[in-house]
Amino acid sequence: MVTANDAALIEQVEALQGIVDLSDRLQLEGLYSHIVRNVVSHYKNSVQTSRLQALHTILCAMHPISDTVVAQLAKTTVDVVATVLKKLHAVMYKAHDGMIYTYHASFADYICQVPTAPETEFDPHCNIGLLHAFLANRCYEIMEEHLCFNICGLESSFVKDTDVPKLQERIDYNIDNLLKYAVLNWMTHLNSTSDPKEALQNKPKWFVEKLLLYWMEVVNLLNAKREGMQMLDMLTVWIAKCTPNTLGLWEEALKFCQFFFSGSASLYTPHLYVSALSCWNPKSEIAKIWQPQIPFIPKITATYMSSHLMTIQTSSPVYEIAISPDGKQVVSGSENASVHIWDALTGDLVKEFKGHTNSVWSVAFSPDGKQVVSGSHDKSVCIWDALTGELVKKLKGHTNSVRSVAFSPDGKQVVSGSNDKSVHIWDVLTGGLIKELKGHTNFVQSVAFSPDGKQVVSGSSDKSVWIWDALTGDLVKEFKGHTAWVLSVAFSPDGKQVVSGSSDKSVCIWNASTGELVKELKGHTNFVWSVAFSPDGKQVVSGSNDKSVHIWDVLTGDLINEFKGHTNYVLSVAFSPDGKQVVSGSSDKSVRIWDALPGDPAKKFKVHTDEVMSVAFSPDGKHIVSGSSDRSVWIWDALSGDLVKELKGHTNSVWSVAFSLDGKQVVSGSSDKSVRIWDALTGDPIKKLKGHTDGVMSVAFSPGGKQVVSGSGDKSVQIWDALTGGRLKKLKGHKDEVMSVAFSQDGKQVASGSSDKSVHIWDALTGDLVKELKGHTNSVWSVAFSPDGKQMLSGSDDTSVHIWDALTGELVKELKGHNNSVWSVAFSPNGKQVVSGSSDKSVWIWDALTGDPIKKLKGHTDGVMSVAFSPDGKQVVSGSSDKSVCIWDALTGEPGKELKGHTNSVWSVAFSPDGKQVVSGSSDKLVRIWDALTGDLVKELKGHTDLVLSVAFSPDGKQMVSGSNDNLVHIWDVLTGDVIKELKGHTNFVQSVAFSPDGNQVVSGSGDKSVCIWDAVMGDLVKELKGHTAWVLSVAFSPDGKQVVSGSNDQSVHIWDALTGGPVKKLKGHTDGVLSVAFSPNGKQAVSGSSDKSVRIWNALTGDLDKELKGHTNSVWSVAFSPDGKQVVSGSNDMSVHIWDVFTGDLIKELKGHTNSVWSVAFSPDGQQVVSGSRDTSLRIWDALSGDFSKELKGQFLAGSQDQLIILKTIERTLDVNLWSLNHHTGWICSQSGHLLLWLPEQMRSTVYTPSTRLIISSQAPTHVAFDSQCLGTSWAKIFLKLNI
């Protein structure tokens, strides 16, 4: 209730607030003093303190807050806050949103500023520095108490934040207004402290060590990335002043936040841990602190880690960028005529300037950052207000494109260079032309002022660099040395040096006074578009058409750092004002920010320095030969990737290389018009074959090694004597360059492909033209004979691969799929497959019979110039314009007919004893019984509440047992489908179950590390067998029922006495978890399958290893003996089913058709069929003799979740994660089912080893991703919680 006294006060306050601007403040302050005194002065000191603390907190909070937040921040009660608010209702109020506001800012000014007159009784004023220190400390305490891992309980790392059900409700519940205030304001309070105490000084360090990632998690969920980044950046100055020893750690934290918040991983909050932390340099402080705390994230090994901080995607190619003087903004000029200003911390668009009518070639900030200048293809120079985006001046005078602009150091002038060959100096204030500098004889590509503003430097397409007197316009110095266009120039900060970049691929540093060349920096393999000095003048950055950014040491000329990630030309580069970052702009429509500070020295591998034009395996598959545009021929170790020999002698690009059939010699063809034969062992040149009048595009040995064939740009094909070097035949007929040649397998014919679009087949003895194959609509780049000589293969610029009948010349198959030129083709050794490499950067493997694509191999970042199969056909080698050589796994598994039934992964399958039925258990929680003859669904058994991991029939076929992730074992009636018994006792998932031979007992193996034997009639627990130290993944009875065998994730196989429960034998040998075990029909042997990819057969009596069966390329999930004990069947994560001979250990059949992991296999009772169940949700019945499919099992589909909970670490390790692929554009590693497993920054993508990659030979160390011990998807959070993080 408002009293008359209160009403009078309010009236006085309102009246005085109206005259505040008249400086009549004393009366107002007296009134405020009176009001506050009535609130606190008549009470005890404790009450006074409490109320003043609440009042001060309200007024010094960074934004209006609620009474509850005030009370918790001020360490008082809501009642105290309510009392203060009630008694001060004349000056403040609580609004409808629950926040507290003041009526007028003058009240806060009065409380928070030093009084103009001394207080008589008490001081209501706030010591602002101390209060901010108090609030900073309170915010930290609140964060320390409430921040935690996975604060909103996100269930899966696969789900995008925007797709999480009721996420906003979770955020509101778990991140209340108090925590939100603390997270978003503690740094601002800390920054406002004037003289912080030691305890407060330690807070930033403790924050990074204890809270950083949890704080980032909340900031990301609140979508407050920009505010978070700005606070981190703001506090950097405070830390540098108050606690400089923490600055390095804080700056790394800032980079890490920038790295995560600006990447697409931030769309999935769990990937803060799964991806961002995984990709951060393990030698950095952040990684040392946080990676040990979160050990189950993927392990990444790479050379270049964390250098790329942020990518800003633009809508158009970026022609030039510049950084504001304070380093907080980046301006870009683009092809679409726009000028954009970006926030350098967050990547957000700040401002777009519109006014140009054509491409903007150049941009620059004024020295005070208040203006931006731009030069355009529309011939104009524009000056803009950087804050408002308004056009200040439009300078006209050039008669052609303006290629470059720059401000003078005092900001009063602008210099511009144009395609009209002139340099203009303009007055910024008036827009008038001050000077026109003429002399260049070609386009002026780049201009810049000297640091003192007295000189201008210009670089031109006339290959020269000129220095001009900015006052008189006279030419001071001309630098000559470049052999092609000069595209970029800049002065060093002290004005003593000039740097230039050229289309001759070099960066040159000149003495600005004498014009002498100081250093020539070589390393780029294409045009250098942009160069700039670091602020201290000790480094130079360059951007090139080779898509890379280089940082050089000015003194030594050494390359310090190389940044890769752009997917197109790098047209502009610049250092940040502090020299700690580099910004680059590219025609790939992006602006990227990099960490310029050198970390650990990158391990450089000796590789080709230019495009790899040709590769080939040696006949024994142990070596690879490569030819390059760098003029060299190199021989590599195919297993290790080590360089064995470097063959030097060619004086121009090497277009083609090949081994002789015995592997003792190498032949090479070059643009220097020569063919050379080398000793492959010593590397010595044996013969130099001369005769071509143009570059040699292709070479090959005859099968006997006595002849060499070569194709040339001179349109001829020539056959040479490999021993004497003499020319045997010159085959003429092509009307254009001969791009490829090959001998037939018998050496009697030669094939050639030409730019005239034709393929010719020649008689190697007579030189006569046998056949001309026409059909391609563009140049033929590559030709090859099939191993039997009956077919011809050709790849063309028309993007197609053709298979021809070599006898008739008819087209057999046209293989389409590439979207650019096919540069190289080859048959597999058995002639059943074809490999092709294309300028679309991909390698394809095709079925030579059907023409269907089998596999598309992605990984190269530029065109694939050459491909070949290994001698055993299991590998493919490719060489690329990206300078790398890659070896791939060629095994794919030919697709068969898909059999579907379950709606999720099938974990276990078994035949009934009479072979007439099949039972299956699935992730859809169902057990299904099928008719093995017709494939019809007989019964659907419901009862388990989680994944069904194991199923088995009783010996009489009347019952069925199942084990589940719900920790239960069920015994079912096969006829009715009812549950007969539910066996309880296991405390973790039941992975394996089996009946005893007499059907009276059931054995089960569990994740609780135990093996249990149950009475199948009563359901009682008979024995619990303990001894394994990890999950028991497989169990089985011996044929006589007297023993039980078990396999465990502890890598061991145990044999137990089923009667006593005592251990009989412990079989050791596997090097990873044992996933499946079984007894032979006579009980004398046991078989085991393991994550170590092997199948082992053991002597069950002695425990000795009888046989180790190798052939699978991934974990073996299931094994079983045939009824006669002579064969073993195995199913693997490599998607195949293998049938083995028990006696010899030989592989009898490889059954391919599943499209995902094979988790269960079994023989039919008569041994004539095999059934397999797979994660692809299908069951397949195979003919054990022929390997053909014999049945499709169909059933009524039920709706089921496609994102089931994955419960085993071993299972998670081997399900999706070993069959992943990398999207090089987005950086996401995806499982076969499409789940996003891990995000990689750009610089890691070009050399990442995918599951198909066997070897990469590149200048950058390869990137290895190991998912061996992490959990993803629905398991990620549970694992972390178990660690109490």
# chains A, B, ... in the order shown; residues from 1 in each chain; ligands from 1
>>> select_by_dssp(residues="segment 235-438 of chain A", states="strand (DSSP E)", output="count of residues only")
77
>>> select_by_dssp(residues="segment 277-339 of chain A", states="helix (DSSP H, G or I)", output="VMD selection string")
chain A and resid 277 to 279 285 to 290
>>> write_last_selection(atoms="N, CA, C and O atoms", output="PDB file, in the first residue's frame")
ATOM      1  N   LEU A 277      37.282 -32.424 -29.292  1.00  0.00           N
ATOM      2  CA  LEU A 277      38.368 -32.808 -28.380  1.00  0.00           C
ATOM      3  C   LEU A 277      39.247 -33.876 -29.008  1.00  0.00           C
ATOM      4  O   LEU A 277      40.467 -33.876 -28.819  1.00  0.00           O
ATOM      5  N   SER A 278      38.653 -34.779 -29.795  1.00  0.00           N
ATOM      6  CA  SER A 278      39.434 -35.825 -30.455  1.00  0.00           C
ATOM      7  C   SER A 278      40.422 -35.242 -31.456  1.00  0.00           C
ATOM      8  O   SER A 278      41.531 -35.747 -31.612  1.00  0.00           O
ATOM      9  N   CYS A 279      40.002 -34.175 -32.139  1.00  0.00           N
ATOM     10  CA  CYS A 279      40.821 -33.599 -33.207  1.00  0.00           C
ATOM     11  C   CYS A 279      41.846 -32.593 -32.699  1.00  0.00           C
ATOM     12  O   CYS A 279      42.683 -32.123 -33.467  1.00  0.00           O
ATOM     13  N   GLU A 285      47.940 -28.086 -24.288  1.00  0.00           N
ATOM     14  CA  GLU A 285      47.558 -28.085 -22.880  1.00  0.00           C
ATOM     15  C   GLU A 285      46.100 -28.513 -22.700  1.00  0.00           C
ATOM     16  O   GLU A 285      45.772 -29.258 -21.780  1.00  0.00           O
ATOM     17  N   ILE A 286      45.220 -28.030 -23.572  1.00  0.00           N
ATOM     18  CA  ILE A 286      43.802 -28.395 -23.476  1.00  0.00           C
ATOM     19  C   ILE A 286      43.648 -29.910 -23.569  1.00  0.00           C
ATOM     20  O   ILE A 286      42.922 -30.538 -22.783  1.00  0.00           O
ATOM     21  N   ALA A 287      44.338 -30.504 -24.536  1.00  0.00           N
ATOM     22  CA  ALA A 287      44.232 -31.950 -24.715  1.00  0.00           C
ATOM     23  C   ALA A 287      44.825 -32.702 -23.526  1.00  0.00           C
ATOM     24  O   ALA A 287      44.276 -33.707 -23.079  1.00  0.00           O
ATOM     25  N   LYS A 288      45.944 -32.217 -23.019  1.00  0.00           N
ATOM     26  CA  LYS A 288      46.574 -32.890 -21.874  1.00  0.00           C
ATOM     27  C   LYS A 288      45.665 -32.858 -20.643  1.00  0.00           C
ATOM     28  O   LYS A 288      45.679 -33.775 -19.826  1.00  0.00           O
ATOM     29  N   ILE A 289      44.901 -31.793 -20.521  1.00  0.00           N
ATOM     30  CA  ILE A 289      44.008 -31.658 -19.363  1.00  0.00           C
ATOM     31  C   ILE A 289      42.758 -32.503 -19.536  1.00  0.00           C
ATOM     32  O   ILE A 289      42.340 -33.228 -18.623  1.00  0.00           O
ATOM     33  N   TRP A 290      42.148 -32.457 -20.729  1.00  0.00           N
ATOM     34  CA  TRP A 290      40.803 -32.999 -20.904  1.00  0.00           C
ATOM     35  C   TRP A 290      40.738 -34.388 -21.532  1.00  0.00           C
ATOM     36  O   TRP A 290      39.838 -35.164 -21.212  1.00  0.00           O
TER      37      TRP A 290
END
>>> atom_distance(atom1="atom CA of His63 of chain A", atom2="atom CA of His125 of chain A")
19.4 Å
>>> atom_distance(atom1="atom CA of Gly963 of chain A", atom2="atom CA of Trp1056 of chain A")
20.3 Å
>>> residues_around(residues="Phe533 of chain A", least_positions_apart="4", cutoff="9 Å", atoms="only C-alpha atoms", output="PDB file with N, CA and C atoms, in the first residue's frame")
ATOM      1  N   ALA A 490      53.757  -6.426 -51.433  1.00  0.00           N
ATOM      2  CA  ALA A 490      53.543  -5.796 -50.120  1.00  0.00           C
ATOM      3  C   ALA A 490      54.878  -5.327 -49.562  1.00  0.00           C
ATOM      4  N   PHE A 491      54.844  -4.234 -48.790  1.00  0.00           N
ATOM      5  CA  PHE A 491      56.017  -3.756 -48.066  1.00  0.00           C
ATOM      6  C   PHE A 491      56.124  -4.495 -46.730  1.00  0.00           C
ATOM      7  N   SER A 492      57.359  -4.644 -46.241  1.00  0.00           N
ATOM      8  CA  SER A 492      57.558  -5.133 -44.875  1.00  0.00           C
ATOM      9  C   SER A 492      57.196  -4.008 -43.914  1.00  0.00           C
ATOM     10  N   PRO A 493      56.909  -4.309 -42.636  1.00  0.00           N
ATOM     11  CA  PRO A 493      56.504  -3.275 -41.679  1.00  0.00           C
ATOM     12  C   PRO A 493      57.521  -2.153 -41.507  1.00  0.00           C
ATOM     13  N   VAL A 498      60.370  -5.682 -49.799  1.00  0.00           N
ATOM     14  CA  VAL A 498      59.133  -5.874 -50.550  1.00  0.00           C
ATOM     15  C   VAL A 498      59.008  -7.358 -50.843  1.00  0.00           C
ATOM     16  N   VAL A 499      57.805  -7.900 -50.699  1.00  0.00           N
ATOM     17  CA  VAL A 499      57.551  -9.294 -51.066  1.00  0.00           C
ATOM     18  C   VAL A 499      56.611  -9.313 -52.267  1.00  0.00           C
ATOM     19  N   GLY A 537      57.401  -8.551 -39.308  1.00  0.00           N
ATOM     20  CA  GLY A 537      58.255  -8.610 -40.487  1.00  0.00           C
ATOM     21  C   GLY A 537      59.122  -9.843 -40.586  1.00  0.00           C
ATOM     22  N   LYS A 538      58.930 -10.795 -39.683  1.00  0.00           N
ATOM     23  CA  LYS A 538      59.789 -11.975 -39.679  1.00  0.00           C
ATOM     24  C   LYS A 538      59.235 -13.121 -40.522  1.00  0.00           C
ATOM     25  N   GLN A 539      57.990 -13.001 -40.895  1.00  0.00           N
ATOM     26  CA  GLN A 539      57.367 -14.066 -41.673  1.00  0.00           C
ATOM     27  C   GLN A 539      56.599 -13.497 -42.865  1.00  0.00           C
ATOM     28  N   VAL A 540      56.390 -14.349 -43.844  1.00  0.00           N
ATOM     29  CA  VAL A 540      55.575 -14.013 -45.009  1.00  0.00           C
ATOM     30  C   VAL A 540      54.553 -15.112 -45.181  1.00  0.00           C
ATOM     31  N   VAL A 541      53.335 -14.724 -45.506  1.00  0.00           N
ATOM     32  CA  VAL A 541      52.295 -15.694 -45.821  1.00  0.00           C
ATOM     33  C   VAL A 541      51.964 -15.586 -47.301  1.00  0.00           C
ATOM     34  N   VAL A 554      61.308 -15.293 -43.150  1.00  0.00           N
ATOM     35  CA  VAL A 554      61.904 -14.286 -44.035  1.00  0.00           C
ATOM     36  C   VAL A 554      63.426 -14.366 -44.037  1.00  0.00           C
ATOM     37  N   ALA A 574      46.204 -12.876 -45.359  1.00  0.00           N
ATOM     38  CA  ALA A 574      46.623 -11.754 -44.511  1.00  0.00           C
ATOM     39  C   ALA A 574      46.882 -12.252 -43.098  1.00  0.00           C
ATOM     40  N   PHE A 575      47.819 -11.595 -42.403  1.00  0.00           N
ATOM     41  CA  PHE A 575      48.051 -11.856 -40.995  1.00  0.00           C
ATOM     42  C   PHE A 575      47.105 -11.000 -40.156  1.00  0.00           C
TER      43      PHE A 575
END
>>> residues_around(residues="Ser380 of chain A", least_positions_apart="5", cutoff="9 Å", atoms="only C-alpha atoms", output="number ranges by chain")
A: 356, 374-375, 394-402
>>> write_last_selection(atoms="all heavy atoms", output="CSV table (one decimal), in the first residue's frame")
chain,number,residue,atom,x,y,z
A,356,HIS,N,28.6,-2.0,-55.9
A,356,HIS,CA,29.3,-2.4,-57.1
A,356,HIS,C,28.4,-3.2,-58.1
A,356,HIS,O,27.4,-3.8,-57.6
A,356,HIS,CB,30.5,-3.3,-56.8
A,356,HIS,CG,31.7,-2.5,-56.2
A,356,HIS,ND1,32.3,-1.5,-56.9
A,356,HIS,CD2,32.2,-2.5,-55.0
A,356,HIS,CE1,33.3,-1.0,-56.2
A,356,HIS,NE2,33.3,-1.6,-55.0
A,374,SER,N,37.1,-0.5,-51.6
A,374,SER,CA,37.0,-1.7,-52.5
A,374,SER,C,37.2,-1.3,-54.0
A,374,SER,O,36.9,-0.2,-54.4
A,374,SER,CB,35.6,-2.3,-52.4
A,374,SER,OG,34.6,-1.4,-52.7
A,375,GLY,N,37.8,-2.2,-54.7
A,375,GLY,CA,38.0,-2.0,-56.1
A,375,GLY,C,37.3,-3.1,-56.9
A,375,GLY,O,37.4,-4.3,-56.5
A,394,LYS,N,32.5,7.3,-54.3
A,394,LYS,CA,32.7,6.4,-55.4
A,394,LYS,C,33.7,7.1,-56.4
A,394,LYS,O,33.4,8.2,-56.9
A,394,LYS,CB,31.4,6.1,-56.2
A,394,LYS,CG,31.6,5.0,-57.2
A,394,LYS,CD,30.2,4.4,-57.5
A,394,LYS,CE,30.3,3.1,-58.3
A,394,LYS,NZ,29.0,2.5,-58.6
A,395,LEU,N,34.9,6.5,-56.5
A,395,LEU,CA,36.0,7.1,-57.2
A,395,LEU,C,36.1,6.5,-58.6
A,395,LEU,O,36.3,5.3,-58.8
A,395,LEU,CB,37.3,6.9,-56.5
A,395,LEU,CG,37.3,7.1,-55.0
A,395,LEU,CD1,38.7,6.9,-54.4
A,395,LEU,CD2,36.9,8.6,-54.7
A,396,LYS,N,35.9,7.4,-59.6
A,396,LYS,CA,35.9,6.9,-61.0
A,396,LYS,C,37.0,7.6,-61.8
A,396,LYS,O,37.3,8.7,-61.6
A,396,LYS,CB,34.6,7.3,-61.7
A,396,LYS,CG,33.4,6.5,-61.1
A,396,LYS,CD,32.1,6.7,-61.9
A,396,LYS,CE,31.0,5.9,-61.4
A,396,LYS,NZ,29.7,6.1,-62.2
A,397,GLY,N,37.6,6.8,-62.7
A,397,GLY,CA,38.7,7.3,-63.4
A,397,GLY,C,39.4,6.2,-64.2
A,397,GLY,O,40.0,6.4,-65.3
A,398,HIS,N,39.4,5.0,-63.6
A,398,HIS,CA,40.0,3.9,-64.3
A,398,HIS,C,39.2,3.5,-65.5
A,398,HIS,O,37.9,3.6,-65.5
A,398,HIS,CB,40.2,2.7,-63.4
A,398,HIS,CG,41.4,2.8,-62.5
A,398,HIS,ND1,42.7,2.9,-62.9
A,398,HIS,CD2,41.4,2.9,-61.1
A,398,HIS,CE1,43.5,3.0,-61.8
A,398,HIS,NE2,42.7,3.0,-60.7
A,399,THR,N,39.8,3.0,-66.6
A,399,THR,CA,39.1,2.6,-67.8
A,399,THR,C,39.0,1.1,-67.9
A,399,THR,O,38.6,0.6,-69.0
A,399,THR,CB,39.8,3.2,-69.0
A,399,THR,OG1,41.1,2.7,-69.0
A,399,THR,CG2,39.8,4.7,-68.9
A,400,ASN,N,39.4,0.4,-66.9
A,400,ASN,CA,39.3,-1.1,-66.9
A,400,ASN,C,39.2,-1.6,-65.4
A,400,ASN,O,39.2,-0.8,-64.5
A,400,ASN,CB,40.5,-1.7,-67.6
A,400,ASN,CG,40.2,-3.1,-68.3
A,400,ASN,OD1,39.4,-3.8,-67.8
A,400,ASN,ND2,40.8,-3.3,-69.4
A,401,SER,N,39.1,-2.9,-65.3
A,401,SER,CA,39.0,-3.4,-63.9
A,401,SER,C,40.0,-2.9,-62.9
A,401,SER,O,41.2,-2.7,-63.2
A,401,SER,CB,39.2,-5.0,-64.0
A,401,SER,OG,38.1,-5.6,-64.5
A,402,VAL,N,39.5,-2.6,-61.7
A,402,VAL,CA,40.4,-2.2,-60.6
A,402,VAL,C,40.8,-3.5,-59.9
A,402,VAL,O,39.9,-4.1,-59.2
A,402,VAL,CB,39.7,-1.2,-59.7
A,402,VAL,CG1,40.6,-0.8,-58.5
A,402,VAL,CG2,39.3,0.0,-60.5
>>> residues_around(residues="Asp427 of chain A", least_positions_apart="3", cutoff="9 Å", atoms="only C-alpha atoms", output="PyMOL selection string")
chain A and resi 412-414+430-434
>>> write_last_selection(atoms="N, CA, C and O atoms", output="tab-separated table (two decimals), in the first residue's frame")
chain	number	residue	atom	x	y	z
A	412	LYS	N	44.46	9.12	-45.38
A	412	LYS	CA	43.99	10.25	-46.17
A	412	LYS	C	44.00	9.99	-47.67
A	412	LYS	O	43.41	10.75	-48.45
A	413	GLN	N	44.71	8.93	-48.07
A	413	GLN	CA	44.79	8.62	-49.50
A	413	GLN	C	44.49	7.14	-49.75
A	413	GLN	O	44.60	6.30	-48.85
A	414	VAL	N	44.11	6.87	-50.98
A	414	VAL	CA	43.90	5.51	-51.44
A	414	VAL	C	44.67	5.33	-52.72
A	414	VAL	O	44.68	6.23	-53.58
A	430	THR	N	38.04	14.20	-50.59
A	430	THR	CA	37.36	14.82	-51.73
A	430	THR	C	36.99	13.83	-52.83
A	430	THR	O	36.09	14.10	-53.65
A	431	GLY	N	37.70	12.70	-52.86
A	431	GLY	CA	37.47	11.74	-53.93
A	431	GLY	C	38.20	12.11	-55.20
A	431	GLY	O	38.06	11.45	-56.23
A	432	GLY	N	39.01	13.17	-55.16
A	432	GLY	CA	39.74	13.62	-56.34
A	432	GLY	C	40.97	12.78	-56.62
A	432	GLY	O	41.57	12.19	-55.73
A	433	LEU	N	41.34	12.71	-57.90
A	433	LEU	CA	42.53	11.99	-58.32
A	433	LEU	C	43.75	12.88	-58.07
A	433	LEU	O	43.83	13.99	-58.58
A	434	ILE	N	44.70	12.38	-57.28
A	434	ILE	CA	45.91	13.15	-56.96
A	434	ILE	C	47.00	12.87	-57.98
A	434	ILE	O	47.64	13.79	-58.50
>>> closest_residue(among="A:Ser157, A:Ser446, A:Asn988, A:Ser881", to="Thr525 of chain A", atoms="only C-alpha atoms")
A:Ser881
>>> atom_distance(atom1="atom CA of Ile312 of chain A", atom2="atom CA of Ser506 of chain A")
27.9 Å
>>> residues_around(residues="Gly704 of chain A", least_positions_apart="3", cutoff="9 Å", atoms="only C-alpha atoms", output="list of chain:residue names")
A:Ser660, A:Leu661, A:Asp662, A:Phe701, A:Gln707, A:Asp746, A:Gly747
>>> closest_residue(among="A:Lys984, A:Arg1180, A:Lys730, A:His1112", to="Glu1150 of chain A", atoms="only C-alpha atoms")
A:His1112
>>> residues_around(residues="Val990 of chain A", least_positions_apart="6", cutoff="8 Å", atoms="only C-alpha atoms", output="list in words")
Leu949, Ser950, Gly963, Ser964, Asn965, Asp966, Asn967, Leu968, Val969, Ser1004, Gly1005, Ser1006 and Gly1007 of chain A
>>> decode(residues="segment 238-279 of chain A", atoms="C-alpha atoms", output="tab-separated table (two decimals), in the first residue's frame")
chain	number	residue	atom	x	y	z
A	238	TRP	CA	42.70	-8.65	-18.36
A	239	ILE	CA	44.65	-11.91	-18.14
A	240	ALA	CA	47.65	-10.43	-19.94
A	241	LYS	CA	47.70	-7.67	-17.31
A	242	CYS	CA	46.72	-9.52	-14.12
A	243	THR	CA	47.97	-13.07	-14.62
A	244	PRO	CA	50.27	-13.20	-17.66
A	245	ASN	CA	51.50	-16.72	-16.88
A	246	THR	CA	48.00	-17.95	-17.74
A	247	LEU	CA	47.80	-16.13	-21.08
A	248	GLY	CA	49.04	-19.02	-23.23
A	249	LEU	CA	46.51	-21.44	-21.77
A	250	TRP	CA	43.71	-18.88	-22.14
A	251	GLU	CA	44.58	-18.14	-25.77
A	252	GLU	CA	44.52	-21.85	-26.53
A	253	ALA	CA	41.10	-22.10	-24.88
A	254	LEU	CA	39.94	-19.24	-27.11
A	255	LYS	CA	41.20	-21.09	-30.20
A	256	PHE	CA	39.57	-24.32	-29.12
A	257	CYS	CA	36.23	-22.57	-28.62
A	258	GLN	CA	36.56	-20.90	-32.00
A	259	PHE	CA	37.41	-24.27	-33.57
A	260	PHE	CA	34.32	-25.98	-32.15
A	261	PHE	CA	31.76	-23.18	-32.30
A	262	SER	CA	32.50	-22.36	-35.94
A	263	GLY	CA	32.42	-25.93	-37.23
A	264	SER	CA	29.48	-28.12	-38.15
A	265	ALA	CA	30.28	-30.35	-35.17
A	266	SER	CA	28.65	-27.67	-32.97
A	267	LEU	CA	25.28	-28.62	-34.45
A	268	TYR	CA	25.61	-31.79	-32.37
A	269	THR	CA	26.57	-30.82	-28.82
A	270	PRO	CA	27.98	-34.29	-27.95
A	271	HIS	CA	30.58	-33.74	-30.66
A	272	LEU	CA	32.24	-31.15	-28.45
A	273	TYR	CA	33.76	-34.22	-26.84
A	274	VAL	CA	33.48	-36.84	-29.58
A	275	SER	CA	34.90	-34.73	-32.43
A	276	ALA	CA	36.39	-31.41	-31.31
A	277	LEU	CA	38.37	-32.81	-28.38
A	278	SER	CA	39.43	-35.83	-30.46
A	279	CYS	CA	40.82	-33.60	-33.21
